[in-house]
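Source file work38.cif; content: mmCIF, C-alpha atoms and all ligand atoms.
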```cif
data_final
loop_
_atom_site.label_atom_id
_atom_site.label_comp_id
_atom_site.auth_asym_id
_atom_site.auth_seq_id
_atom_site.Cartn_x
_atom_site.Cartn_y
_atom_site.Cartn_z
CA MET A 1 28.32 5.26 -5.45
CA ILE A 2 26.92 3.60 -8.61
CA ILE A 3 23.60 2.04 -7.66
CA GLN A 4 22.25 -0.93 -9.58
CA PRO A 5 19.28 -3.16 -8.71
CA LYS A 6 20.03 -6.21 -6.58
CA THR A 7 17.16 -8.62 -6.25
CA ARG A 8 16.49 -11.43 -3.85
CA GLY A 9 13.26 -13.25 -4.85
CA PHE A 10 10.49 -10.69 -4.97
CA ILE A 11 12.43 -7.97 -3.15
CA CYS A 12 15.00 -5.51 -4.40
CA THR A 13 17.60 -4.73 -1.77
CA THR A 14 18.88 -1.50 -3.33
CA ALA A 15 17.10 1.72 -4.28
CA HIS A 16 18.11 4.70 -6.39
CA PRO A 17 17.56 8.15 -4.81
CA GLU A 18 17.21 10.08 -8.06
CA GLY A 19 14.96 7.47 -9.66
CA CYS A 20 12.70 7.43 -6.60
CA ALA A 21 12.58 11.24 -6.62
CA GLN A 22 11.59 11.16 -10.29
CA GLN A 23 8.81 8.63 -9.62
CA VAL A 24 7.45 10.86 -6.85
CA GLN A 25 7.64 13.90 -9.13
CA ARG A 26 5.72 12.01 -11.84
CA GLN A 27 2.89 11.42 -9.33
CA ILE A 28 2.94 15.07 -8.23
CA ASP A 29 2.83 16.18 -11.89
CA TYR A 30 -0.21 13.99 -12.53
CA VAL A 31 -2.09 15.44 -9.57
CA GLN A 32 -1.24 18.99 -10.58
CA THR A 33 -2.86 18.53 -13.97
CA GLN A 34 -6.13 17.56 -12.28
CA PRO A 35 -8.73 19.88 -10.74
CA ALA A 36 -8.01 20.84 -7.11
CA ILE A 37 -9.94 19.04 -4.38
CA GLU A 38 -11.86 20.83 -1.64
CA GLY A 39 -10.78 18.36 0.99
CA PRO A 40 -8.88 17.82 4.23
CA ARG A 41 -6.52 20.42 5.75
CA ASN A 42 -4.35 18.28 8.02
CA VAL A 43 -3.74 14.66 7.12
CA LEU A 44 -2.04 11.78 8.92
CA VAL A 45 -0.96 8.91 6.65
CA ILE A 46 0.14 5.73 8.43
CA GLY A 47 2.17 3.67 5.94
CA ALA A 48 3.02 6.76 3.88
CA SER A 49 6.24 5.97 2.04
CA THR A 50 5.27 3.69 -0.86
CA GLY A 51 2.25 2.36 -2.78
CA TYR A 52 -1.23 3.55 -1.87
CA GLY A 53 -0.13 5.43 1.26
CA LEU A 54 2.41 7.56 -0.63
CA ALA A 55 -0.15 8.31 -3.35
CA SER A 56 -2.70 9.30 -0.67
CA ARG A 57 -0.15 11.68 0.82
CA ILE A 58 0.62 13.22 -2.58
CA VAL A 59 -3.07 13.72 -3.37
CA SER A 60 -3.67 15.27 0.08
CA SER A 61 -0.82 17.69 -0.31
CA PHE A 62 -0.84 18.53 -4.01
CA ALA A 63 -4.54 18.26 -4.92
CA ALA A 64 -6.14 19.34 -1.61
CA GLY A 65 -3.30 21.60 -0.40
CA ALA A 66 -3.17 19.84 2.98
CA ASN A 67 -0.39 19.64 5.53
CA THR A 68 0.67 16.04 6.12
CA ILE A 69 2.37 13.80 8.63
CA GLY A 70 3.70 10.51 7.23
CA VAL A 71 4.45 7.54 9.48
CA TYR A 72 6.45 4.72 7.90
CA PHE A 73 9.06 2.06 8.46
CA ASP A 74 12.07 2.76 6.26
CA LYS A 75 15.80 2.72 6.59
CA ALA A 76 18.42 5.40 5.92
CA ALA A 77 21.55 4.53 3.92
CA GLU A 78 24.35 3.00 5.92
CA GLY A 79 27.84 2.23 4.67
CA ALA A 80 27.56 0.29 1.41
CA ARG A 81 23.78 -0.13 1.81
CA THR A 82 21.41 2.29 0.10
CA ALA A 83 18.37 3.64 1.92
CA SER A 84 15.06 1.90 1.22
CA ALA A 85 12.84 3.23 -1.57
CA GLY A 86 10.31 4.64 0.92
CA TRP A 87 13.06 6.73 2.50
CA TYR A 88 14.03 8.31 -0.83
CA ASN A 89 10.37 8.76 -1.82
CA SER A 90 9.61 10.56 1.43
CA ALA A 91 12.65 12.82 1.16
CA ALA A 92 11.58 13.84 -2.36
CA PHE A 93 7.98 14.31 -1.26
CA GLU A 94 8.93 16.56 1.67
CA GLU A 95 11.17 18.71 -0.46
CA ALA A 96 8.44 19.22 -3.05
CA ALA A 97 5.80 19.89 -0.37
CA ALA A 98 8.01 22.55 1.24
CA ALA A 99 8.62 24.19 -2.15
CA ALA A 100 4.84 24.32 -2.63
CA GLY A 101 4.37 25.92 0.79
CA ARG A 102 2.80 22.96 2.57
CA LYS A 103 3.91 21.61 5.90
CA SER A 104 4.99 17.99 5.99
CA TYR A 105 6.63 15.89 8.69
CA SER A 106 7.90 12.33 8.89
CA ILE A 107 7.97 9.86 11.74
CA VAL A 108 10.02 6.77 10.99
CA GLY A 109 9.40 3.77 13.18
CA ASP A 110 7.02 0.97 14.05
CA ALA A 111 3.44 2.22 13.66
CA PHE A 112 2.24 -0.73 15.75
CA SER A 113 4.09 0.52 18.83
CA ASP A 114 2.78 2.78 21.62
CA GLU A 115 5.93 4.88 21.31
CA ILE A 116 5.33 5.91 17.68
CA LYS A 117 1.66 6.66 18.37
CA ALA A 118 2.64 8.92 21.30
CA LYS A 119 5.33 10.63 19.23
CA THR A 120 2.84 11.27 16.42
CA ILE A 121 0.29 12.74 18.83
CA ASP A 122 2.92 15.12 20.25
CA LEU A 123 3.86 16.21 16.74
CA ILE A 124 0.22 16.86 15.79
CA ARG A 125 -0.23 18.94 18.94
CA THR A 126 2.82 21.08 18.39
CA GLU A 127 2.66 21.53 14.62
CA LEU A 128 -0.85 20.99 13.27
CA GLY A 129 -3.32 21.16 16.17
CA LYS A 130 -5.85 18.65 14.87
CA ILE A 131 -6.08 16.10 12.09
CA ASP A 132 -9.15 15.83 9.85
CA LEU A 133 -8.16 12.79 7.76
CA VAL A 134 -6.36 9.62 8.90
CA VAL A 135 -5.29 7.25 6.11
CA TYR A 136 -4.30 3.78 7.32
CA SER A 137 -2.19 2.08 4.63
CA VAL A 138 0.21 -0.19 6.51
CA ALA A 139 1.16 -3.46 4.82
CA SER A 140 3.55 -5.52 6.91
CA PRO A 141 4.63 -9.12 7.29
CA ARG A 142 4.90 -8.81 11.12
CA ARG A 143 3.48 -7.00 14.11
CA THR A 144 4.50 -6.92 17.74
CA HIS A 145 1.49 -6.31 19.95
CA PRO A 146 2.08 -3.19 22.06
CA LYS A 147 0.34 -4.57 25.16
CA THR A 148 1.22 -8.29 25.21
CA GLY A 149 4.59 -8.16 23.40
CA GLU A 150 3.59 -11.13 21.21
CA THR A 151 5.04 -10.98 17.69
CA PHE A 152 2.68 -12.17 14.96
CA SER A 153 3.59 -13.11 11.39
CA SER A 154 1.15 -12.94 8.52
CA VAL A 155 0.91 -15.66 5.87
CA ILE A 156 -0.82 -15.77 2.51
CA LYS A 157 -2.53 -19.14 2.50
CA PRO A 158 -5.90 -20.65 1.67
CA LEU A 159 -8.26 -21.85 4.39
CA GLY A 160 -9.67 -25.36 4.48
CA GLY A 161 -8.04 -26.89 1.39
CA THR A 162 -4.93 -26.82 -0.78
CA TYR A 163 -4.90 -24.14 -3.51
CA SER A 164 -3.19 -24.59 -6.83
CA ASN A 165 -2.97 -22.19 -9.74
CA LYS A 166 -0.62 -20.60 -12.24
CA THR A 167 2.05 -18.24 -11.06
CA VAL A 168 4.96 -16.46 -12.71
CA ASN A 169 8.54 -15.67 -11.85
CA PHE A 170 8.41 -12.13 -13.17
CA HIS A 171 12.17 -11.94 -13.57
CA SER A 172 12.46 -14.99 -15.83
CA GLY A 173 8.95 -15.18 -17.28
CA GLU A 174 8.60 -18.80 -16.22
CA VAL A 175 4.98 -19.78 -15.63
CA THR A 176 4.58 -22.65 -13.18
CA GLN A 177 1.95 -24.15 -10.96
CA ALA A 178 1.96 -22.84 -7.37
CA THR A 179 0.51 -25.12 -4.73
CA ILE A 180 -0.17 -23.70 -1.30
CA GLU A 181 -1.18 -25.79 1.70
CA PRO A 182 -3.97 -24.44 3.91
CA ALA A 183 -3.18 -22.29 6.93
CA THR A 184 -3.38 -23.58 10.47
CA GLU A 185 -5.73 -21.95 13.01
CA ASP A 186 -2.77 -20.21 14.56
CA GLU A 187 -1.51 -18.82 11.24
CA LEU A 188 -5.00 -17.45 10.62
CA ARG A 189 -5.08 -15.81 14.08
CA GLN A 190 -1.66 -14.25 13.52
CA THR A 191 -2.49 -12.94 10.04
CA ILE A 192 -5.62 -11.24 11.39
CA ALA A 193 -3.50 -9.72 14.18
CA VAL A 194 -1.09 -8.22 11.61
CA MET A 195 -3.35 -7.17 8.73
CA GLY A 196 -6.75 -6.85 10.47
CA GLY A 197 -8.21 -3.75 12.09
CA GLU A 198 -6.89 -3.85 15.68
CA ASP A 199 -4.03 -1.41 15.14
CA TRP A 200 -6.22 1.00 13.11
CA GLN A 201 -8.71 1.00 15.99
CA MET A 202 -5.86 1.67 18.47
CA TRP A 203 -4.67 4.66 16.42
CA ILE A 204 -8.12 6.21 16.24
CA ASP A 205 -8.79 5.58 19.96
CA GLU A 206 -5.51 7.18 20.96
CA LEU A 207 -5.87 10.16 18.61
CA GLN A 208 -9.41 10.72 19.90
CA GLN A 209 -8.46 10.40 23.55
CA ALA A 210 -5.60 12.85 23.06
CA GLY A 211 -8.04 15.38 21.55
CA VAL A 212 -6.10 15.69 18.27
CA LEU A 213 -8.86 14.45 15.94
CA ALA A 214 -11.03 17.25 14.58
CA ASP A 215 -14.81 16.95 14.85
CA GLY A 216 -16.10 15.51 11.60
CA ALA A 217 -12.78 13.74 10.90
CA THR A 218 -12.63 11.01 8.27
CA THR A 219 -10.56 7.84 8.35
CA VAL A 220 -9.97 5.35 5.54
CA ALA A 221 -8.11 2.03 5.23
CA TYR A 222 -7.53 -0.05 2.10
CA SER A 223 -8.69 -3.47 1.04
CA TYR A 224 -8.77 -5.74 -1.98
CA ILE A 225 -11.29 -8.24 -3.35
CA GLY A 226 -10.10 -9.28 -6.82
CA PRO A 227 -11.08 -12.01 -9.27
CA GLU A 228 -12.41 -15.51 -8.83
CA ILE A 229 -8.99 -17.03 -9.70
CA THR A 230 -7.34 -15.58 -6.61
CA HIS A 231 -10.28 -15.90 -4.20
CA ALA A 232 -9.14 -19.12 -2.54
CA VAL A 233 -5.69 -17.73 -1.76
CA TYR A 234 -6.63 -14.09 -1.21
CA ARG A 235 -10.19 -13.07 -0.39
CA GLU A 236 -11.25 -16.41 1.10
CA GLY A 237 -7.81 -17.09 2.56
CA THR A 238 -5.93 -15.75 5.56
CA ILE A 239 -5.51 -12.22 4.14
CA GLY A 240 -9.21 -12.06 3.24
CA ALA A 241 -10.07 -12.96 6.85
CA ALA A 242 -7.84 -10.10 8.00
CA LYS A 243 -9.58 -7.78 5.52
CA ASN A 244 -12.99 -8.90 6.89
CA ASP A 245 -11.72 -7.83 10.31
CA LEU A 246 -10.55 -4.48 8.86
CA GLU A 247 -13.98 -3.94 7.30
CA ALA A 248 -15.75 -4.76 10.58
CA THR A 249 -13.43 -2.25 12.27
CA ALA A 250 -14.52 0.40 9.76
CA GLN A 251 -18.14 -0.14 10.76
CA ARG A 252 -17.27 0.24 14.46
CA LEU A 253 -15.15 3.33 13.79
CA ASN A 254 -17.89 4.84 11.67
CA LYS A 255 -20.24 4.69 14.68
CA GLN A 256 -17.55 5.93 17.05
CA LEU A 257 -16.55 8.91 14.89
CA GLY A 258 -20.15 9.46 13.78
CA GLU A 259 -20.93 10.77 17.28
CA SER A 260 -18.94 13.89 16.43
CA GLY A 261 -19.91 14.02 12.75
CA GLY A 262 -16.99 11.91 11.50
CA ARG A 263 -16.79 8.95 9.12
CA ALA A 264 -14.79 5.74 8.65
CA PHE A 265 -14.46 3.80 5.41
CA VAL A 266 -12.69 0.93 3.79
CA SER A 267 -11.86 1.60 0.16
CA VAL A 268 -11.42 -1.44 -2.07
CA ASN A 269 -8.62 -0.56 -4.47
CA LYS A 270 -7.38 -2.01 -7.72
CA ALA A 271 -4.61 -4.64 -7.93
CA LEU A 272 -1.33 -2.86 -8.60
CA VAL A 273 2.39 -3.52 -8.57
CA THR A 274 3.63 -2.61 -5.08
CA GLN A 275 6.21 -4.15 -2.80
CA SER A 276 3.42 -5.92 -0.94
CA SER A 277 1.47 -7.31 -3.90
CA SER A 278 4.61 -8.69 -5.58
CA ALA A 279 4.99 -11.04 -2.61
CA ILE A 280 1.65 -12.78 -3.20
CA PRO A 281 1.75 -15.95 -5.35
CA VAL A 282 -0.47 -15.93 -8.50
CA VAL A 283 -1.20 -12.19 -8.13
CA PRO A 284 1.71 -10.87 -10.29
CA LEU A 285 0.54 -13.03 -13.21
CA TYR A 286 -3.05 -11.87 -12.72
CA ILE A 287 -1.88 -8.23 -12.58
CA SER A 288 0.10 -8.72 -15.81
CA ALA A 289 -2.99 -10.06 -17.59
CA LEU A 290 -5.16 -7.33 -16.07
CA TYR A 291 -2.72 -4.57 -17.15
CA LYS A 292 -2.77 -5.91 -20.70
CA VAL A 293 -6.56 -5.74 -20.87
CA MET A 294 -7.00 -2.42 -19.04
CA LYS A 295 -4.22 -0.71 -21.03
CA GLU A 296 -5.75 -1.88 -24.31
CA LYS A 297 -9.11 -0.45 -23.22
CA GLY A 298 -7.48 2.83 -22.10
CA ILE A 299 -8.67 2.50 -18.48
CA HIS A 300 -5.43 1.50 -16.78
CA GLU A 301 -4.68 3.32 -13.52
CA GLY A 302 -1.71 3.36 -11.14
CA CYS A 303 -1.70 4.21 -7.41
CA ILE A 304 -1.87 7.95 -8.02
CA GLU A 305 -4.81 7.81 -10.44
CA GLN A 306 -6.67 5.49 -8.04
CA MET A 307 -6.08 7.75 -5.04
CA TYR A 308 -6.99 10.90 -6.94
CA ARG A 309 -10.30 9.28 -7.94
CA LEU A 310 -10.86 8.10 -4.35
CA PHE A 311 -10.41 11.60 -2.95
CA SER A 312 -12.06 13.65 -5.69
CA GLU A 313 -15.05 11.48 -6.54
CA ARG A 314 -15.66 9.49 -3.38
CA LEU A 315 -14.30 10.85 -0.08
CA TYR A 316 -14.57 14.53 -1.00
CA GLY A 317 -16.88 14.43 -4.02
CA GLU A 318 -20.27 16.06 -4.14
CA GLY A 319 -22.94 14.60 -1.84
CA GLU A 320 -22.66 11.42 0.22
CA THR A 321 -19.72 9.12 -0.42
CA PRO A 322 -21.01 6.32 -2.68
CA VAL A 323 -20.56 2.83 -1.20
CA ASP A 324 -21.66 -0.71 -2.14
CA GLU A 325 -24.19 -2.85 -0.28
CA LYS A 326 -21.53 -3.70 2.32
CA GLY A 327 -20.67 -0.06 2.91
CA LEU A 328 -17.36 -0.32 0.99
CA ILE A 329 -15.99 2.35 -1.34
CA ARG A 330 -15.19 0.68 -4.67
CA VAL A 331 -12.40 2.22 -6.72
CA ASP A 332 -11.73 -1.30 -8.02
CA ASP A 333 -14.90 -0.78 -10.08
CA TRP A 334 -13.07 -0.59 -13.43
CA GLU A 335 -10.98 -3.71 -12.66
CA MET A 336 -14.10 -5.63 -11.70
CA ARG A 337 -16.19 -4.73 -14.77
CA PRO A 338 -17.58 -8.03 -16.11
CA GLU A 339 -16.14 -7.47 -19.60
CA ILE A 340 -12.64 -6.83 -18.15
CA GLN A 341 -12.82 -9.90 -15.95
CA ALA A 342 -14.10 -12.05 -18.83
CA GLU A 343 -11.14 -11.05 -21.00
CA VAL A 344 -8.63 -11.65 -18.22
CA ALA A 345 -10.15 -15.09 -17.56
CA LYS A 346 -9.85 -15.93 -21.26
CA LEU A 347 -6.17 -14.95 -21.31
CA TRP A 348 -5.58 -16.76 -18.03
CA ALA A 349 -6.69 -20.10 -19.44
CA ASP A 350 -4.07 -19.88 -22.21
CA LEU A 351 -1.09 -18.39 -20.34
CA THR A 352 2.15 -20.40 -20.50
CA THR A 353 5.87 -19.67 -20.32
CA GLU A 354 5.95 -19.64 -24.15
CA ASN A 355 3.30 -16.95 -24.64
CA VAL A 356 3.37 -14.94 -21.39
CA TYR A 357 4.98 -11.85 -22.95
CA ASP A 358 2.37 -11.80 -25.75
CA LEU A 359 -0.76 -12.59 -23.79
CA SER A 360 0.03 -10.48 -20.72
CA ASP A 361 1.85 -7.26 -19.86
CA LEU A 362 4.56 -9.07 -17.91
CA GLU A 363 7.17 -6.70 -19.31
CA GLY A 364 5.13 -3.76 -17.93
CA TYR A 365 4.87 -5.53 -14.58
CA ARG A 366 8.62 -6.17 -14.41
CA ARG A 367 9.45 -2.60 -15.33
CA GLU A 368 7.03 -1.16 -12.76
CA PHE A 369 8.50 -3.45 -10.13
CA PHE A 370 11.97 -1.97 -10.72
CA GLN A 371 10.51 1.53 -10.84
CA LEU A 372 9.25 1.00 -7.27
CA PHE A 373 12.93 1.13 -6.30
CA GLY A 374 13.82 4.01 -8.59
CA PHE A 375 15.25 1.90 -11.44
CA GLU A 376 14.31 1.78 -15.13
CA THR A 377 13.17 5.37 -14.92
CA ASP A 378 13.56 7.61 -17.97
CA GLY A 379 16.04 10.45 -17.67
CA ILE A 380 18.19 8.85 -14.95
CA ASP A 381 21.82 7.99 -15.66
CA TYR A 382 22.37 4.73 -13.84
CA GLU A 383 26.08 4.74 -14.59
CA ALA A 384 26.58 8.05 -12.76
CA ASP A 385 27.92 8.34 -9.26
CA VAL A 386 25.19 9.30 -6.75
CA ASN A 387 25.26 10.01 -3.05
CA PRO A 388 23.07 7.39 -1.32
CA GLU A 389 22.85 9.49 1.84
CA VAL A 390 19.76 11.64 1.56
CA ASN A 391 18.17 13.59 4.42
CA ILE A 392 14.47 13.74 5.04
CA PRO A 393 13.92 17.44 5.72
CA ASN A 394 11.35 17.20 8.53
CA LEU A 395 12.15 13.90 10.15
CA ARG A 396 11.08 13.93 13.82
P1 LIG A 401 3.30 -0.99 0.32
O1 LIG A 401 4.15 -2.14 0.71
O2 LIG A 401 3.63 -0.24 -0.92
O3 LIG A 401 3.27 0.09 1.52
C1 LIG A 401 3.21 -0.26 2.86
C2 LIG A 401 3.55 0.93 3.75
O4 LIG A 401 3.47 0.47 5.12
C3 LIG A 401 4.97 1.49 3.56
O5 LIG A 401 4.93 2.90 3.69
C4 LIG A 401 5.73 0.93 4.76
O6 LIG A 401 6.81 1.74 5.22
C5 LIG A 401 4.63 0.92 5.80
N1 LIG A 401 4.88 0.01 6.93
C6 LIG A 401 5.06 -1.34 6.89
N2 LIG A 401 5.26 -1.80 8.16
C7 LIG A 401 5.18 -0.72 8.99
C8 LIG A 401 5.32 -0.53 10.38
N3 LIG A 401 5.52 -1.55 11.21
N4 LIG A 401 5.23 0.74 10.86
C9 LIG A 401 5.05 1.80 10.04
N5 LIG A 401 4.87 1.68 8.71
C10 LIG A 401 4.95 0.43 8.20
O7 LIG A 401 1.81 -1.54 0.32
P2 LIG A 401 0.49 -1.21 -0.54
O8 LIG A 401 0.37 -2.26 -1.58
O9 LIG A 401 0.39 0.21 -0.89
O10 LIG A 401 -0.62 -1.58 0.55
C11 LIG A 401 -1.25 -0.63 1.38
C12 LIG A 401 -2.66 -1.09 1.67
O11 LIG A 401 -3.38 -1.16 0.43
C13 LIG A 401 -2.74 -2.50 2.28
O12 LIG A 401 -3.79 -2.53 3.21
C14 LIG A 401 -3.08 -3.37 1.08
O13 LIG A 401 -3.73 -4.57 1.43
C15 LIG A 401 -3.99 -2.43 0.32
N6 LIG A 401 -4.21 -2.77 -1.11
C16 LIG A 401 -3.15 -3.06 -1.94
C17 LIG A 401 -3.41 -3.42 -3.26
C18 LIG A 401 -2.28 -3.75 -4.22
O14 LIG A 401 -2.53 -4.34 -5.26
N7 LIG A 401 -1.07 -3.36 -3.92
C19 LIG A 401 -4.72 -3.45 -3.75
C20 LIG A 401 -5.77 -3.10 -2.91
C21 LIG A 401 -5.50 -2.78 -1.57
#
```
Is it possible to give me this structure as structure tokens?
Amino acid sequence: MIIQPKTRGFICTTAHPEGCAQQVQRQIDYVQTQPAIEGPRNVLVIGASTGYGLASRIVSSFAAGANTIGVYFDKAAEGARTASAGWYNSAAFEEAAAAAGRKSYSIVGDAFSDEIKAKTIDLIRTELGKIDLVVYSVASPRRTHPKTGETFSSVIKPLGGTYSNKTVNFHSGEVTQATIEPATEDELRQTIAVMGGEDWQMWIDELQQAGVLADGATTVAYSYIGPEITHAVYREGTIGAAKNDLEATAQRLNKQLGESGGRAFVSVNKALVTQSSSAIPVVPLYISALYKVMKEKGIHEGCIEQMYRLFSERLYGEGETPVDEKGLIRVDDWEMRPEIQAEVAKLWADLTTENVYDLSDLEGYRREFFQLFGFETDGIDYEADVNPEVNIPNLR
């Protein structure tokens, strides 16, 4: 089958197996040029197939030499439909991990369900014994509550008032004004239920009760703060409220795990092109301006560089893990430098459809978006026939 990108809005409905494999290999290659990390031995990554979760899994395996279990929600190829990018990424990851002599297993299904938690616990028991790091990196538009059966949907909306700012269609380069009406109380409640900390807490409770968390285990989940221009729609909006709940959960988990020498953190990461962030209005234009400034200054990072720095300098660096006054790990520190933010704000004021490719790195954004699905990757022949059916070696 010849696989070309097919887009619908901010999603791409096809993925290229060889391109995805190459993107995973690029991340592995980066990690292997860095010093090894004295870190975790057995790692569970929930939300492991793309973005920050995939990069966390690669760092665990290829910088720390750990065995990993990845839990994720991806689809295999079927008929004329390709598999999702996360499926191809995970297949490539597992093959490379096996070649390097590390154990790795995949569980594909709904991480929010009791069934997938129970299945994961069984797998840990039979294959790894105990886990000493749990990475929680799920980003989802929906969650069905395992006890009540209620299905919640998350929305990205401001609270209290209407928000209006520039946004871009990153396919066409058209810069327009996005106006978003405030969320209702119920939309806020549902967004917190999807993207807040309840499911993370459930995972840790169940792993602990089952006796599969090692003493001294660490857990980390990811958050975002970002610039003033997106505050009303992000940090002070519905998603920000969910992130506040996630951060409060980290404090509770830190006490809970602290009783046996363990730790829980939220790491605030940099804004990057991922399937989740491309769905947020305003953010792709901000990321394009940010990339321009950070690339010019030589301090641009992708998911893998961010996660390597998180593991090597923060979670498993020398001494105590450095945190800010709220107890948060900040690997968004380079993004948030005042001089970077001042330059982005200056560009932001001038951005229009006419100058967007000059004043921002929109072309870099667009290319990275397609690379998430294995397209626009050097060395891949997109006219060649490829088999879309790829097996994940250790799928349970
Ligand atoms: P992503 O979309 O690339 O990855 C999400 C992962 O969650 C995928 O592996 C997917 O399979 C998995 N997933 C989704 N629903 C699931 C379900 N029901 N069961 C099991 N797995 C499921 O997202 P990302 O951007 O890497 O985001 C991960 C975390 O990082 C989020 O908490 C996000 O808020 C945070 N973060 C993202 C950015 C950014 O700019 N992308 C910045 C800072 C923090």
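Proximity to segment 386-388 of chain A at 8 Å, evaluated using all atoms listed in the file and with sequence-adjacent residues fewer than 6 positions away removed, yields A:Met1, A:Ile2, A:Ile3, A:His16, A:Pro17, A:Ala77, A:Thr82, A:Ala83.
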Selection to disk with C-alpha atoms, as a PDB file, in the frame of the given file:
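Writing the result to result-v7.pdb gives the following:
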```
ATOM      1  CA  MET A   1      28.320   5.260  -5.450  1.00  0.00           C
ATOM      2  CA  ILE A   2      26.920   3.600  -8.610  1.00  0.00           C
ATOM      3  CA  ILE A   3      23.600   2.040  -7.660  1.00  0.00           C
ATOM      4  CA  HIS A  16      18.110   4.700  -6.390  1.00  0.00           C
ATOM      5  CA  PRO A  17      17.560   8.150  -4.810  1.00  0.00           C
ATOM      6  CA  ALA A  77      21.550   4.530   3.920  1.00  0.00           C
ATOM      7  CA  THR A  82      21.410   2.290   0.100  1.00  0.00           C
ATOM      8  CA  ALA A  83      18.370   3.640   1.920  1.00  0.00           C
TER       9      ALA A  83
END
```
Practice task
Set the cut-off to 6 Å, count all atoms listed in the file, and list whatever residues fall near ligand LIG 401 (chain A) as a PyMOL selection string.
Solution key: chain A and resi 47-53+71-74+109-112+137-140+222-224+268-277
Export C-alpha atoms of the chosen residues as a CSV table (one decimal), in the coordinates of the input?
```csv
chain,number,residue,atom,x,y,z
A,47,GLY,CA,2.2,3.7,5.9
A,48,ALA,CA,3.0,6.8,3.9
A,49,SER,CA,6.2,6.0,2.0
A,50,THR,CA,5.3,3.7,-0.9
A,51,GLY,CA,2.2,2.4,-2.8
A,52,TYR,CA,-1.2,3.6,-1.9
A,53,GLY,CA,-0.1,5.4,1.3
A,71,VAL,CA,4.4,7.5,9.5
A,72,TYR,CA,6.4,4.7,7.9
A,73,PHE,CA,9.1,2.1,8.5
A,74,ASP,CA,12.1,2.8,6.3
A,109,GLY,CA,9.4,3.8,13.2
A,110,ASP,CA,7.0,1.0,14.0
A,111,ALA,CA,3.4,2.2,13.7
A,112,PHE,CA,2.2,-0.7,15.8
A,137,SER,CA,-2.2,2.1,4.6
A,138,VAL,CA,0.2,-0.2,6.5
A,139,ALA,CA,1.2,-3.5,4.8
A,140,SER,CA,3.6,-5.5,6.9
A,222,TYR,CA,-7.5,0.0,2.1
A,223,SER,CA,-8.7,-3.5,1.0
A,224,TYR,CA,-8.8,-5.7,-2.0
A,268,VAL,CA,-11.4,-1.4,-2.1
A,269,ASN,CA,-8.6,-0.6,-4.5
A,270,LYS,CA,-7.4,-2.0,-7.7
A,271,ALA,CA,-4.6,-4.6,-7.9
A,272,LEU,CA,-1.3,-2.9,-8.6
A,273,VAL,CA,2.4,-3.5,-8.6
A,274,THR,CA,3.6,-2.6,-5.1
A,275,GLN,CA,6.2,-4.2,-2.8
A,276,SER,CA,3.4,-5.9,-0.9
A,277,SER,CA,1.5,-7.3,-3.9
```
Could you give me, as a short mmCIF file (atom, residue, chain, number, x, y, z; two decimals) with C-alpha atoms, in the coordinates of the input, the residues within 12 Å of Ile11 of chain A, counting all atoms listed in the file and dropping anything in the same chain fewer than 6 positions from it?
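See result_21.cif below for the written result:
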```
data_model
loop_
_atom_site.label_atom_id
_atom_site.label_comp_id
_atom_site.auth_asym_id
_atom_site.auth_seq_id
_atom_site.Cartn_x
_atom_site.Cartn_y
_atom_site.Cartn_z
CA PRO A 5 19.28 -3.16 -8.71
CA SER A 84 15.06 1.90 1.22
CA ALA A 85 12.84 3.23 -1.57
CA PHE A 170 8.41 -12.13 -13.17
CA HIS A 171 12.17 -11.94 -13.57
CA THR A 274 3.63 -2.61 -5.08
CA GLN A 275 6.21 -4.15 -2.80
CA SER A 276 3.42 -5.92 -0.94
CA SER A 277 1.47 -7.31 -3.90
CA SER A 278 4.61 -8.69 -5.58
CA ALA A 279 4.99 -11.04 -2.61
CA ILE A 280 1.65 -12.78 -3.20
CA PHE A 369 8.50 -3.45 -10.13
CA PHE A 370 11.97 -1.97 -10.72
CA LEU A 372 9.25 1.00 -7.27
CA PHE A 373 12.93 1.13 -6.30
#
```
Pull the neighbourhood of (0.9, 14.9, -5.3) for me: all residues within 6 Å in file coordinates, counting only C-alpha atoms, as a PDB file with C-alpha atoms, in the frame of the given file.
```pdb
ATOM      1  CA  GLN A  27       2.890  11.420  -9.330  1.00  0.00           C
ATOM      2  CA  ILE A  28       2.940  15.070  -8.230  1.00  0.00           C
ATOM      3  CA  VAL A  31      -2.090  15.440  -9.570  1.00  0.00           C
ATOM      4  CA  ILE A  58       0.620  13.220  -2.580  1.00  0.00           C
ATOM      5  CA  VAL A  59      -3.070  13.720  -3.370  1.00  0.00           C
ATOM      6  CA  SER A  61      -0.820  17.690  -0.310  1.00  0.00           C
ATOM      7  CA  PHE A  62      -0.840  18.530  -4.010  1.00  0.00           C
TER       8      PHE A  62
END
```
Exercise for the section: Name all residues at most 10 Å from Ile229 of chain A (count all atoms listed in the file; drop same-chain ones fewer than 3 positions away) and give them as a PyMOL selection string. Expected result: chain A and resi 164-166+226+232-234+282-283+286+345+348
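Put simply, atom CA of Ala217 of chain A is 15.3 Å away from atom CA of Ile121 of chain A.
Note that atom CA of Ile225 of chain A and atom CA of Ile180 of chain A are 19.2 Å apart.
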Exercise for the section: Tell me which protein, DNA and RNA residues are within 6 Å of segment 352-368 of chain A, counting only C-alpha atoms, leaving out same-chain ones fewer than 4 positions away, and put them as JSON, numbers by chain. Expected result: {"A": [174, 175, 288, 289, 291, 292]}
Exercise for the section: Skip segment 312-322 of chain A itself and residues of its chain fewer than 3 positions away, then list as a PyMOL selection string all residues within 7 Å of it, counting only C-alpha atoms. Expected result: chain A and resi 37-39+308-309+329
